[in-house]
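Q: So I've got this file, protein30.txt, and it contains compact mmCIF, C-alpha atoms:
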```txt
# COMPACT_ATOMS: atom_id res chain seq x y z
CA MET A 80 -53.27 9.17 -84.75
CA PRO A 81 -55.79 6.69 -86.26
CA PHE A 82 -55.33 4.50 -89.33
CA GLU A 83 -55.60 6.56 -92.53
CA LEU A 84 -56.77 5.24 -95.90
CA LEU A 85 -54.34 6.37 -98.60
CA LYS A 86 -55.59 4.38 -101.61
CA SER A 87 -58.14 1.69 -102.40
CA GLU A 88 -58.48 -0.45 -105.52
CA THR A 89 -60.82 -3.26 -106.50
CA LEU A 90 -58.87 -6.36 -107.50
CA LEU A 91 -61.77 -8.69 -108.34
CA LYS A 92 -65.54 -8.52 -108.59
CA GLY A 93 -67.15 -11.90 -108.13
CA ARG A 94 -70.72 -13.17 -107.93
CA ALA A 95 -71.03 -12.94 -104.15
CA PHE A 96 -68.24 -10.56 -103.15
CA ALA A 97 -65.44 -8.27 -104.33
CA ILE A 98 -61.82 -8.12 -103.22
CA ARG A 99 -60.17 -4.77 -102.69
CA ARG A 100 -56.68 -3.75 -101.64
CA ASP A 101 -56.36 -0.78 -99.29
CA LEU A 102 -53.11 1.08 -98.72
CA MET A 103 -53.20 2.36 -95.16
CA LYS A 104 -51.02 4.58 -93.00
CA THR A 105 -50.68 3.07 -89.54
CA PRO A 106 -50.81 5.13 -86.32
CA ASP A 107 -46.99 5.05 -86.15
CA GLY A 108 -46.66 6.42 -89.72
CA ARG A 109 -45.82 3.24 -91.64
CA GLU A 110 -47.67 2.17 -94.78
CA THR A 111 -49.23 -1.28 -95.11
CA LYS A 112 -51.65 -3.09 -97.41
CA PHE A 113 -54.88 -4.81 -96.41
CA ASP A 114 -56.75 -7.17 -98.74
CA ILE A 115 -60.44 -6.98 -97.90
CA ILE A 116 -63.39 -9.10 -99.02
CA GLU A 117 -66.35 -6.79 -99.58
CA HIS A 118 -69.60 -8.60 -98.85
CA GLY A 119 -73.11 -7.13 -98.77
CA GLY A 120 -74.17 -8.97 -95.63
CA SER A 121 -76.08 -12.11 -94.80
CA VAL A 122 -78.42 -13.83 -92.39
CA VAL A 123 -78.32 -17.03 -90.39
CA LEU A 124 -81.43 -18.71 -89.04
CA VAL A 125 -82.04 -20.83 -85.96
CA PRO A 126 -85.22 -22.71 -87.00
CA LEU A 127 -87.02 -24.38 -84.08
CA ASP A 128 -89.85 -26.77 -84.89
CA ALA A 129 -92.84 -27.56 -82.68
CA ASP A 130 -91.16 -30.76 -81.43
CA GLY A 131 -88.11 -28.94 -80.04
CA ASN A 132 -85.77 -29.76 -82.90
CA LEU A 133 -83.46 -27.37 -84.68
CA LEU A 134 -83.41 -27.59 -88.47
CA PHE A 135 -79.91 -27.83 -89.94
CA VAL A 136 -78.75 -28.27 -93.51
CA ARG A 137 -75.86 -30.41 -94.61
CA GLN A 138 -74.08 -29.25 -97.72
CA TYR A 139 -70.78 -29.63 -99.51
CA ARG A 140 -68.45 -26.69 -98.94
CA HIS A 141 -65.70 -26.74 -101.55
CA ALA A 142 -63.34 -24.43 -99.61
CA ALA A 143 -63.49 -26.84 -96.65
CA GLY A 144 -63.49 -29.93 -98.88
CA ALA A 145 -66.27 -31.48 -96.80
CA ASP A 146 -69.98 -31.78 -96.21
CA LEU A 147 -70.74 -29.48 -93.27
CA LEU A 148 -73.68 -29.37 -90.90
CA GLU A 149 -74.86 -25.76 -90.73
CA LEU A 150 -77.78 -23.63 -89.73
CA PRO A 151 -79.60 -22.23 -92.78
CA ALA A 152 -78.14 -18.97 -94.04
CA GLY A 153 -78.03 -16.74 -97.07
CA THR A 154 -76.74 -13.56 -98.63
CA LEU A 155 -78.69 -10.32 -98.73
CA ASP A 156 -79.69 -9.02 -102.14
CA GLU A 157 -78.57 -5.43 -102.69
CA GLY A 158 -80.66 -3.11 -100.50
CA GLU A 159 -82.62 -6.02 -99.01
CA PRO A 160 -83.58 -5.82 -95.32
CA PRO A 161 -82.25 -8.78 -93.28
CA GLU A 162 -85.79 -9.80 -92.21
CA VAL A 163 -86.84 -10.19 -95.85
CA CYS A 164 -83.74 -12.23 -96.65
CA ALA A 165 -84.33 -14.43 -93.59
CA ALA A 166 -87.93 -15.14 -94.61
CA ARG A 167 -86.80 -16.14 -98.11
CA GLU A 168 -83.73 -18.16 -97.11
CA ILE A 169 -85.52 -20.38 -94.60
CA ARG A 170 -88.02 -21.36 -97.29
CA GLU A 171 -85.29 -21.98 -99.89
CA GLU A 172 -83.03 -24.00 -97.63
CA THR A 173 -85.45 -25.92 -95.39
CA GLY A 174 -88.78 -25.89 -97.23
CA PHE A 175 -90.44 -24.24 -94.22
CA ALA A 176 -91.73 -20.72 -93.70
CA ALA A 177 -91.41 -19.04 -90.32
CA GLY A 178 -94.62 -17.72 -88.79
CA LYS A 179 -92.40 -15.75 -86.43
CA LEU A 180 -88.89 -14.36 -86.95
CA GLU A 181 -87.14 -12.83 -83.95
CA LYS A 182 -83.85 -11.02 -84.41
CA LEU A 183 -81.29 -12.26 -81.87
CA GLY A 184 -78.25 -10.19 -82.79
CA ASP A 185 -75.56 -9.45 -85.35
CA PHE A 186 -71.85 -10.14 -85.79
CA TYR A 187 -68.98 -9.78 -88.24
CA LEU A 188 -68.12 -13.17 -89.69
CA ALA A 189 -64.38 -12.56 -90.15
CA PRO A 190 -63.53 -8.89 -89.46
CA GLY A 191 -59.80 -9.38 -90.05
CA TYR A 192 -60.37 -9.57 -93.80
CA SER A 193 -64.11 -9.32 -94.59
CA THR A 194 -66.90 -6.76 -94.31
CA GLU A 195 -69.56 -9.51 -94.06
CA PHE A 196 -72.02 -8.66 -91.29
CA MET A 197 -74.51 -11.38 -90.32
CA SER A 198 -77.90 -11.00 -88.65
CA VAL A 199 -79.24 -13.92 -86.63
CA PHE A 200 -82.92 -14.80 -86.43
CA LEU A 201 -84.81 -17.34 -84.36
CA ALA A 202 -87.46 -18.86 -86.64
CA THR A 203 -90.52 -20.47 -85.04
CA GLU A 204 -94.11 -21.41 -85.95
CA LEU A 205 -92.78 -23.32 -88.97
CA THR A 206 -95.11 -24.42 -91.75
CA HIS A 207 -94.27 -26.33 -94.93
CA ASN A 208 -93.94 -23.70 -97.69
CA PRO A 209 -90.88 -24.35 -99.89
CA LEU A 210 -89.20 -22.10 -102.41
CA GLU A 211 -86.90 -23.48 -105.09
CA ALA A 212 -83.30 -23.74 -103.85
CA ASP A 213 -80.50 -21.86 -105.58
CA ALA A 214 -79.12 -23.74 -108.58
CA ASP A 215 -75.75 -24.37 -106.93
CA GLU A 216 -77.17 -25.61 -103.61
CA PHE A 217 -77.56 -29.30 -102.87
CA LEU A 218 -78.83 -29.47 -99.30
CA SER A 219 -80.15 -32.18 -97.05
CA LEU A 220 -82.29 -31.24 -94.07
CA GLU A 221 -81.48 -32.65 -90.62
CA ARG A 222 -83.64 -32.23 -87.52
CA ILE A 223 -81.62 -32.32 -84.32
CA PRO A 224 -82.98 -31.93 -80.78
CA VAL A 225 -81.79 -28.68 -79.17
CA ALA A 226 -79.75 -30.37 -76.41
CA GLU A 227 -78.04 -32.67 -78.91
CA ALA A 228 -77.20 -29.73 -81.20
CA PHE A 229 -75.47 -27.90 -78.35
CA LYS A 230 -73.60 -31.07 -77.40
CA MET A 231 -72.43 -31.52 -81.00
CA ALA A 232 -71.27 -27.89 -81.12
CA GLU A 233 -69.40 -28.22 -77.83
CA GLN A 234 -67.71 -31.44 -79.01
CA GLY A 235 -66.41 -29.86 -82.23
CA GLN A 236 -68.81 -31.73 -84.52
CA MET A 237 -70.06 -28.51 -86.10
CA PRO A 238 -67.02 -26.61 -87.44
CA ASP A 239 -69.02 -23.74 -88.96
CA ALA A 240 -68.43 -20.34 -87.34
CA LYS A 241 -71.79 -18.78 -88.22
CA SER A 242 -73.69 -21.76 -86.81
CA LEU A 243 -71.68 -21.69 -83.59
CA ALA A 244 -72.17 -17.94 -83.15
CA ALA A 245 -75.90 -18.19 -83.90
CA LEU A 246 -76.33 -21.03 -81.40
CA LEU A 247 -74.59 -18.95 -78.75
CA LEU A 248 -76.93 -16.01 -79.40
CA ALA A 249 -79.96 -18.32 -79.42
CA ARG A 250 -79.07 -20.31 -76.30
CA PRO A 251 -81.04 -18.09 -73.82
CA ARG A 252 -84.19 -18.44 -76.01
CA LEU A 253 -83.95 -22.21 -76.42
```
Show the structure stored in the file as structure tokens.
A:
Amino acid sequence: MPFELLKSETLLKGRAFAIRRDLMKTPDGRETKFDIIEHGGSVVLVPLDADGNLLFVRQYRHAAGADLLELPAGTLDEGEPPEVCAAREIREETGFAAGKLEKLGDFYLAPGYSTEFMSVFLATELTHNPLEADADEFLSLERIPVAEAFKMAEQGQMPDAKSLAALLLARPRL
């Protein structure tokens, strides 16, 4: 017998996500509650410049209480294809447009409690073409040689799950 949804209610609707509580019947007949973050999806980019550097952004993440080094990423607008979001986000976050975007794969960010599904794109043929950043984003751009970026990831100097997963998917192409 599979899990069965008995009841679902939205607890909070925020700017970027909603929180719902599902009452489920387990395969052994018990009832349990799951609190789920509903998220419309997102993209993460692996921007590679002509000199063999990856473009990262450093930004303050309040939940972590720290400035984190991350690959550029962003949330899909409702109904937006991931490729369109990727093309916009790289310009907003790095100031560069990608002449070529290659989809590398997808993954759930935190499937134990979130529906967020991320698509990963390798961005190459970069040209300066900025878009205005989101009002709540204060980013600094950092260029890091590919080998150094992997070393930093392996040494725990990049504690951002989406960046680590994207680097793993990109590794065969870099």
Q: Take atom CA of Lys182 of chain A and atom CA of Glu227 of chain A and report the distance between them in Å, one decimal.
A: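 About the pair atom CA of Lys182 of chain A and atom CA of Glu227 of chain A: they are 23.1 Å apart.
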Q: Can you work out the spacing between atom CA of Ala142 of chain A and atom CA of Ser242 of chain A in Å, to one decimal?
A: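 According to the coordinates, atom CA of Ala142 of chain A and atom CA of Ser242 of chain A are separated by 16.7 Å.
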Q: Given the choices A:Leu85, A:Ile116, A:Ala145, A:Ala97, which gets closest to Tyr192 of chain A if the distance is worked out from all atoms listed in the file?
A: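 Going through A:Leu85, A:Ile116, A:Ala145, A:Ala97 one by one, the smallest distance to Tyr192 of chain A is for A:Ile116.
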Q: Around the point (-88.2, -21.4, -100.0) (coordinates from the file), which residues reach within 6 Å if we count all atoms listed in the file? Answer as a short mmCIF file (atom, residue, chain, number, x, y, z; two decimals) with C-alpha atoms, in the frame of the given file.
A:
```
data_model
loop_
_atom_site.label_atom_id
_atom_site.label_comp_id
_atom_site.auth_asym_id
_atom_site.auth_seq_id
_atom_site.Cartn_x
_atom_site.Cartn_y
_atom_site.Cartn_z
CA ARG A 167 -86.80 -16.14 -98.11
CA ARG A 170 -88.02 -21.36 -97.29
CA GLU A 171 -85.29 -21.98 -99.89
CA GLY A 174 -88.78 -25.89 -97.23
CA PRO A 209 -90.88 -24.35 -99.89
CA LEU A 210 -89.20 -22.10 -102.41
CA GLU A 211 -86.90 -23.48 -105.09
#
```
Q: Work out how far apart atom CA of Asp185 of chain A and atom CA of Leu90 of chain A are and give it in Å to one decimal.
A: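 Separation between atom CA of Asp185 of chain A and atom CA of Leu90 of chain A: 27.9 Å.
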Q: Need the neighbours of (-79.8, -17.7, -96.2): which residues are at most 8 Å away, counting only C-alpha atoms, as a list in words?
A: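 Output: Ser121, Val122, Val123, Leu124, Pro151, Ala152, Gly153, Thr154, Leu155, Cys164, Ala165, Arg167, Glu168, Ile169, Glu171 and Glu172 of chain A.
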Q: Might you pull out every residue within 7 Å of Arg99 of chain A, with only C-alpha atoms counted and same-chain residues fewer than 5 positions away left off, and present them as a compact mmCIF listing (two decimals) with C-alpha atoms, keeping the file's coordinate frame?
A:
```txt
# COMPACT_ATOMS: atom_id res chain seq x y z
CA SER A 87 -58.14 1.69 -102.40
CA GLU A 88 -58.48 -0.45 -105.52
CA THR A 89 -60.82 -3.26 -106.50
CA LEU A 90 -58.87 -6.36 -107.50
CA ASP A 114 -56.75 -7.17 -98.74
CA ILE A 115 -60.44 -6.98 -97.90
CA ILE A 116 -63.39 -9.10 -99.02
```
Q: Just checking: using all atoms listed in the file, which residue out of A:Gln236, A:Thr203, A:Asn132, A:Ser193 ends up closest to Phe113 of chain A?
A: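 Checking each of A:Gln236, A:Thr203, A:Asn132, A:Ser193 against Phe113 of chain A, counting all atoms listed in the file, the winner is A:Ser193.
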Q: If I wrap all listed atoms of segment 119-137 of chain A in a box with edges along x, y and z and add 3 Å on each side, what are its centre and edge lengths in Å to one decimal, as lines of an AutoDock Vina configuration file?
A:
```
center_x = -83.0
center_y = -18.9
center_z = -89.4
size_x = 25.7
size_y = 29.6
size_z = 24.7
```
Q: Which one is closest to Leu218 of chain A: A:Met80, A:Leu147, A:Val136, A:Leu91? Count only C-alpha atoms.
A: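 Of the candidates, the smallest distance to Leu218 of chain A is held by A:Val136.
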Q: From the options A:Glu162, A:Pro126, A:Ala245, A:Met237, which residue's atoms come nearest to Gly184 of chain A, counting only C-alpha atoms?
A: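 Going through A:Glu162, A:Pro126, A:Ala245, A:Met237 one by one, the smallest distance to Gly184 of chain A is for A:Ala245.
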Q: Within 8 Å of Phe186 of chain A, counting only C-alpha atoms, which residues qualify if same-chain residues fewer than 5 places away don't, as a list of chain:residue names?
A: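 The residues that qualify are A:Phe196, A:Met197, A:Ser198.
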Q: Here is a test: counting all atoms listed in the file, which residue of A:Asp128, A:Glu195, A:Glu221, A:Glu204 is nearest to Lys179 of chain A?
A: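 Among the listed residues, the smallest separation from Lys179 of chain A belongs to A:Glu204.
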Q: Considering only C-alpha atoms, can you say which of A:Ala176, A:Leu253, A:Leu220, A:Leu84 comes closest to Gln138 of chain A?
A: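 Result for the nearest residue to Gln138 of chain A: A:Leu220.
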Q: Compile the contact shell of Asp107 of chain A as a PyMOL selection string: residues with an atom at most 12 Å away, counting all atoms listed in the file, same-chain residues fewer than 4 positions apart removed.
A: chain A and resi 80-83+103+111
Q: Could those selected residues go to a file with C-alpha atoms, as a PDB file, in the frame of the given file?
A:
```pdb
ATOM      1  CA  MET A  80     -53.270   9.170 -84.750  1.00  0.00           C
ATOM      2  CA  PRO A  81     -55.790   6.690 -86.260  1.00  0.00           C
ATOM      3  CA  PHE A  82     -55.330   4.500 -89.330  1.00  0.00           C
ATOM      4  CA  GLU A  83     -55.600   6.560 -92.530  1.00  0.00           C
ATOM      5  CA  MET A 103     -53.200   2.360 -95.160  1.00  0.00           C
ATOM      6  CA  THR A 111     -49.230  -1.280 -95.110  1.00  0.00           C
TER       7      THR A 111
END
```
Q: Please list as a VMD selection string every residue within 12 Å of Met231 of chain A, counting only C-alpha atoms and excluding residues in the same chain fewer than 5 positions away.
A: chain A and resid 148 to 149 223 to 226 236 to 239 242 to 243 246
